[in-house]
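One structure is given below, encoded as structure tokens.
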Amino acid sequence: MKTFKKKLLAAVTVMALSPLAQAGVISFSDNHAASTTEWSDVLTVSQFDASLGNLDTINISFSASMLSDITLNNNDNLAQTTRGSVGIETIGTFLGLGSLTINLSADTGFVALGADGALDGSDIFTAFGLTGTDTINATIDSSNTDFLSFIGTGNVSTSGLTAFGNFGGTGGSNTVISVDTVAGASLNVTYNYTETTNPTPVSEPTSLAILGLGLAGIALRRKKKSL
């Protein structure tokens with residue numbers, strides 16, 4: 001009987017004091033709002049605070065986007081077919097991803113333009129709202145050489161992040177191409193970790209009460225058997 005009592009008390013104590021492990025997720029992000037190229041910026045996110053638990057994996061994503069209007073104006077005395085294009089490139093580096101190079105492009109497609117000064121306005125064409133977007137993703141764990149750099153109470157930042165644009169055209173000569181372009185970028189880091197929490201220990205009177213109920217149940221069962 002005494003042996004059983006000791007075992008039951010030990011079980012109650014273990015249940016009261018055992019830590020509970022559960023998954024945790026926390027994310028940080030920064031962005032450069034869409035603005036006229038060329039621009040340079042530094043995107044910064046917080047490190048993982050080890051007091052939250054044990055860091056398992058890190059999901060990292062970098063995105064770039066562009067929005068452009070292209071106008072073609074035929075200054076030639078003859079009608080012609082031409083096409084305007086625009087491109088945006090981001091460069092830079094970030095831990096876990098390495099290069100932040102993203103190339104975006106858009107074009108008007110081939111457009112038939114009337115002779116210069118056409119009364120119907122067919123010598124001018126504008127393509128509004130040409131867009132482009134792309135994302136670089138990576139998931140790293142403790143096997144990655146950059147993993148430990150994400151742990152601490154400081155920040156992790158991009159290096160040399162720049163966005164610049166270019167434009168051009170193909171087709172007939174004497175066509176004026178004008179381009180209005182903005183570009184943006186965003187960085188997101190998600191930490192996946194194991195959170196360990198220790199529940200408040202059950203007080204000794206509560207433990208004894210649980211033990212008493214268990215012992216009472218056993219005694220009642222034995223009494224019924226004897227009857």
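Residues are named by chain letter and number: chains run A, B, ... in the order of the structure tokens, numbers start at 1 in each chain, and ligands are numbered from 1 in the order shown.
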Give the alpha helix (DSSP H) residues of segment 32-224 of chain A, as assigned by DSSP on the backbone, as a count of residues only. 21
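Counting only C-alpha atoms and comparing A:Leu72, A:Leu78, A:Leu161, A:Ile58, the residue that lies closest to Ala115 of chain A is A:Leu78.
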Who sits within 10 Å of Val176 of chain A, only C-alpha atoms, same chain under 6 positions skipped, as a tab-separated table (two decimals) with C-alpha atoms, in the first residue's frame:
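Output below, filename selection.tsv:
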```tsv
chain	number	residue	atom	x	y	z
A	71	THR	CA	3.73	56.42	-74.31
A	72	LEU	CA	4.71	56.04	-77.97
A	73	ASN	CA	4.63	59.11	-80.22
A	74	ASN	CA	5.30	58.72	-83.95
A	75	ASN	CA	7.15	61.75	-85.30
A	76	ASP	CA	7.63	60.22	-88.73
A	84	GLY	CA	7.93	50.18	-76.29
A	124	ILE	CA	0.18	58.62	-80.18
A	168	GLY	CA	13.66	50.98	-75.16
A	169	GLY	CA	11.72	50.35	-78.35
```
Best match for closeness to Asn54 of chain A among A:Ser159, A:Ser68, A:Ser122, A:Gln22, counting only C-alpha atoms: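 Closest to Asn54 of chain A of all the choices is A:Gln22.
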Residues near Gly109 of chain A, cut-off 9 Å, only C-alpha atoms, skip fewer than 5 positions along chain, as JSON, numbers by chain: {"A": [82, 83, 84, 85]}
Go ahead and dump the residues you just picked, N, CA and C atoms, as a PDB file, in the first residue's frame.
```
ATOM      1  N   THR A  82       5.451  49.949 -84.035  1.00  0.00           N
ATOM      2  CA  THR A  82       6.565  49.954 -83.086  1.00  0.00           C
ATOM      3  C   THR A  82       6.119  49.381 -81.754  1.00  0.00           C
ATOM      4  N   ARG A  83       7.081  49.165 -80.884  1.00  0.00           N
ATOM      5  CA  ARG A  83       6.790  48.615 -79.562  1.00  0.00           C
ATOM      6  C   ARG A  83       7.699  49.271 -78.533  1.00  0.00           C
ATOM      7  N   GLY A  84       7.144  49.614 -77.377  1.00  0.00           N
ATOM      8  CA  GLY A  84       7.934  50.180 -76.288  1.00  0.00           C
ATOM      9  C   GLY A  84       8.055  49.178 -75.154  1.00  0.00           C
ATOM     10  N   SER A  85       9.188  49.188 -74.460  1.00  0.00           N
ATOM     11  CA  SER A  85       9.408  48.248 -73.354  1.00  0.00           C
ATOM     12  C   SER A  85      10.062  48.955 -72.178  1.00  0.00           C
TER      13      SER A  85
END
```
May I ask for the distance between atom CA of Met66 of chain A and atom CA of Ile136 of chain A, given in Å to one decimal place?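 Atom-to-atom, atom CA of Met66 of chain A and atom CA of Ile136 of chain A are spaced 15.4 Å apart.
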Nearby residues (only C-alpha atoms) at most 7 Å from Phe94 of chain A, same-chain spacing under 5 positions excluded, as a ChimeraX atom specification: /A:99-100,157-159
Produce a file of the selected residues containing C-alpha atoms, as a PDB file, in the first residue's frame.
```pdb
ATOM      1  CA  SER A  99      21.558  37.680 -54.120  1.00  0.00           C
ATOM      2  CA  LEU A 100      18.424  39.859 -54.276  1.00  0.00           C
ATOM      3  CA  SER A 157      19.409  44.056 -42.788  1.00  0.00           C
ATOM      4  CA  THR A 158      19.783  43.945 -46.547  1.00  0.00           C
ATOM      5  CA  SER A 159      23.022  45.158 -48.082  1.00  0.00           C
TER       6      SER A 159
END
```
Restricting the calculation to only C-alpha atoms: of A:Val156, A:Leu130, A:Val86, A:Ile70, which residue gets closest to Asn103 of chain A?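 Using only C-alpha atoms, the shortest distance to Asn103 of chain A belongs to A:Val86.
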Based on DSSP run over this structure's backbone, return all residues of segment 67-171 of chain A in strand (DSSP E), as a PDB file with C-alpha atoms, in the first residue's frame.
```pdb
ATOM      1  CA  LEU A  67       4.107  49.739 -62.277  1.00  0.00           C
ATOM      2  CA  SER A  68       4.693  51.601 -65.525  1.00  0.00           C
ATOM      3  CA  ASP A  69       3.004  53.773 -68.154  1.00  0.00           C
ATOM      4  CA  ILE A  70       4.588  53.854 -71.623  1.00  0.00           C
ATOM      5  CA  THR A  71       3.729  56.418 -74.312  1.00  0.00           C
ATOM      6  CA  LEU A  72       4.709  56.038 -77.970  1.00  0.00           C
ATOM      7  CA  ASN A  73       4.631  59.111 -80.220  1.00  0.00           C
ATOM      8  CA  ASN A  74       5.295  58.724 -83.948  1.00  0.00           C
ATOM      9  CA  GLN A  80       4.665  52.697 -88.671  1.00  0.00           C
ATOM     10  CA  THR A  81       4.463  49.839 -86.230  1.00  0.00           C
ATOM     11  CA  THR A  82       6.565  49.954 -83.086  1.00  0.00           C
ATOM     12  CA  ARG A  83       6.790  48.615 -79.562  1.00  0.00           C
ATOM     13  CA  GLY A  84       7.934  50.180 -76.288  1.00  0.00           C
ATOM     14  CA  SER A  85       9.408  48.248 -73.354  1.00  0.00           C
ATOM     15  CA  VAL A  86      10.485  48.910 -69.800  1.00  0.00           C
ATOM     16  CA  GLY A  87      12.536  46.937 -67.299  1.00  0.00           C
ATOM     17  CA  ILE A  88      13.332  47.086 -63.591  1.00  0.00           C
ATOM     18  CA  GLU A  89      16.168  45.290 -61.824  1.00  0.00           C
ATOM     19  CA  THR A  90      16.826  45.010 -58.103  1.00  0.00           C
ATOM     20  CA  ILE A  91      20.236  44.094 -56.765  1.00  0.00           C
ATOM     21  CA  GLY A  92      21.662  43.560 -53.284  1.00  0.00           C
ATOM     22  CA  THR A  93      22.145  40.743 -50.776  1.00  0.00           C
ATOM     23  CA  PHE A  94      20.493  39.343 -47.676  1.00  0.00           C
ATOM     24  CA  GLY A  98      22.215  35.624 -50.992  1.00  0.00           C
ATOM     25  CA  SER A  99      21.558  37.680 -54.120  1.00  0.00           C
ATOM     26  CA  ILE A 102      15.093  40.306 -59.603  1.00  0.00           C
ATOM     27  CA  ASN A 103      14.450  41.357 -63.203  1.00  0.00           C
ATOM     28  CA  LEU A 104      11.000  42.630 -64.160  1.00  0.00           C
ATOM     29  CA  SER A 105       9.845  43.737 -67.589  1.00  0.00           C
ATOM     30  CA  ALA A 106       6.766  44.802 -69.524  1.00  0.00           C
ATOM     31  CA  ASP A 107       6.015  46.121 -73.004  1.00  0.00           C
ATOM     32  CA  VAL A 111       1.299  49.078 -81.972  1.00  0.00           C
ATOM     33  CA  ALA A 112       0.318  50.565 -85.355  1.00  0.00           C
ATOM     34  CA  LEU A 113       0.881  54.319 -85.219  1.00  0.00           C
ATOM     35  CA  ILE A 124       0.178  58.616 -80.179  1.00  0.00           C
ATOM     36  CA  PHE A 125      -0.444  55.542 -78.035  1.00  0.00           C
ATOM     37  CA  THR A 126      -0.197  55.065 -74.246  1.00  0.00           C
ATOM     38  CA  ALA A 127      -0.206  51.772 -72.348  1.00  0.00           C
ATOM     39  CA  PHE A 128      -1.279  52.422 -68.772  1.00  0.00           C
ATOM     40  CA  GLY A 129      -0.663  50.277 -65.709  1.00  0.00           C
ATOM     41  CA  LEU A 130       1.873  47.764 -66.993  1.00  0.00           C
ATOM     42  CA  THR A 131       2.884  45.621 -64.044  1.00  0.00           C
ATOM     43  CA  GLY A 132       5.417  43.028 -63.011  1.00  0.00           C
ATOM     44  CA  THR A 133       6.245  41.200 -59.799  1.00  0.00           C
ATOM     45  CA  ASP A 134       8.473  38.373 -58.652  1.00  0.00           C
ATOM     46  CA  THR A 135       9.615  36.781 -55.380  1.00  0.00           C
ATOM     47  CA  ILE A 136      12.680  34.965 -54.114  1.00  0.00           C
ATOM     48  CA  ASN A 137      12.000  32.416 -51.334  1.00  0.00           C
ATOM     49  CA  ALA A 138      14.206  30.313 -49.096  1.00  0.00           C
ATOM     50  CA  THR A 139      13.848  28.148 -45.982  1.00  0.00           C
ATOM     51  CA  ILE A 140      16.950  27.619 -43.870  1.00  0.00           C
ATOM     52  CA  ASN A 155      18.330  43.348 -36.401  1.00  0.00           C
ATOM     53  CA  VAL A 156      19.250  41.773 -39.733  1.00  0.00           C
ATOM     54  CA  SER A 157      19.409  44.056 -42.788  1.00  0.00           C
ATOM     55  CA  SER A 159      23.022  45.158 -48.082  1.00  0.00           C
ATOM     56  CA  GLY A 160      23.338  47.270 -51.230  1.00  0.00           C
ATOM     57  CA  LEU A 161      19.653  47.087 -52.145  1.00  0.00           C
ATOM     58  CA  THR A 162      19.008  49.191 -55.253  1.00  0.00           C
ATOM     59  CA  ALA A 163      16.301  49.328 -57.926  1.00  0.00           C
ATOM     60  CA  PHE A 164      16.995  50.860 -61.322  1.00  0.00           C
ATOM     61  CA  GLY A 165      15.128  50.930 -64.597  1.00  0.00           C
ATOM     62  CA  ASN A 166      15.634  50.960 -68.337  1.00  0.00           C
ATOM     63  CA  PHE A 167      13.460  51.362 -71.416  1.00  0.00           C
ATOM     64  CA  GLY A 168      13.659  50.977 -75.157  1.00  0.00           C
ATOM     65  CA  GLY A 169      11.715  50.353 -78.346  1.00  0.00           C
ATOM     66  CA  THR A 170      11.722  48.324 -81.524  1.00  0.00           C
ATOM     67  CA  GLY A 171      10.170  49.042 -84.900  1.00  0.00           C
TER      68      GLY A 171
END
```
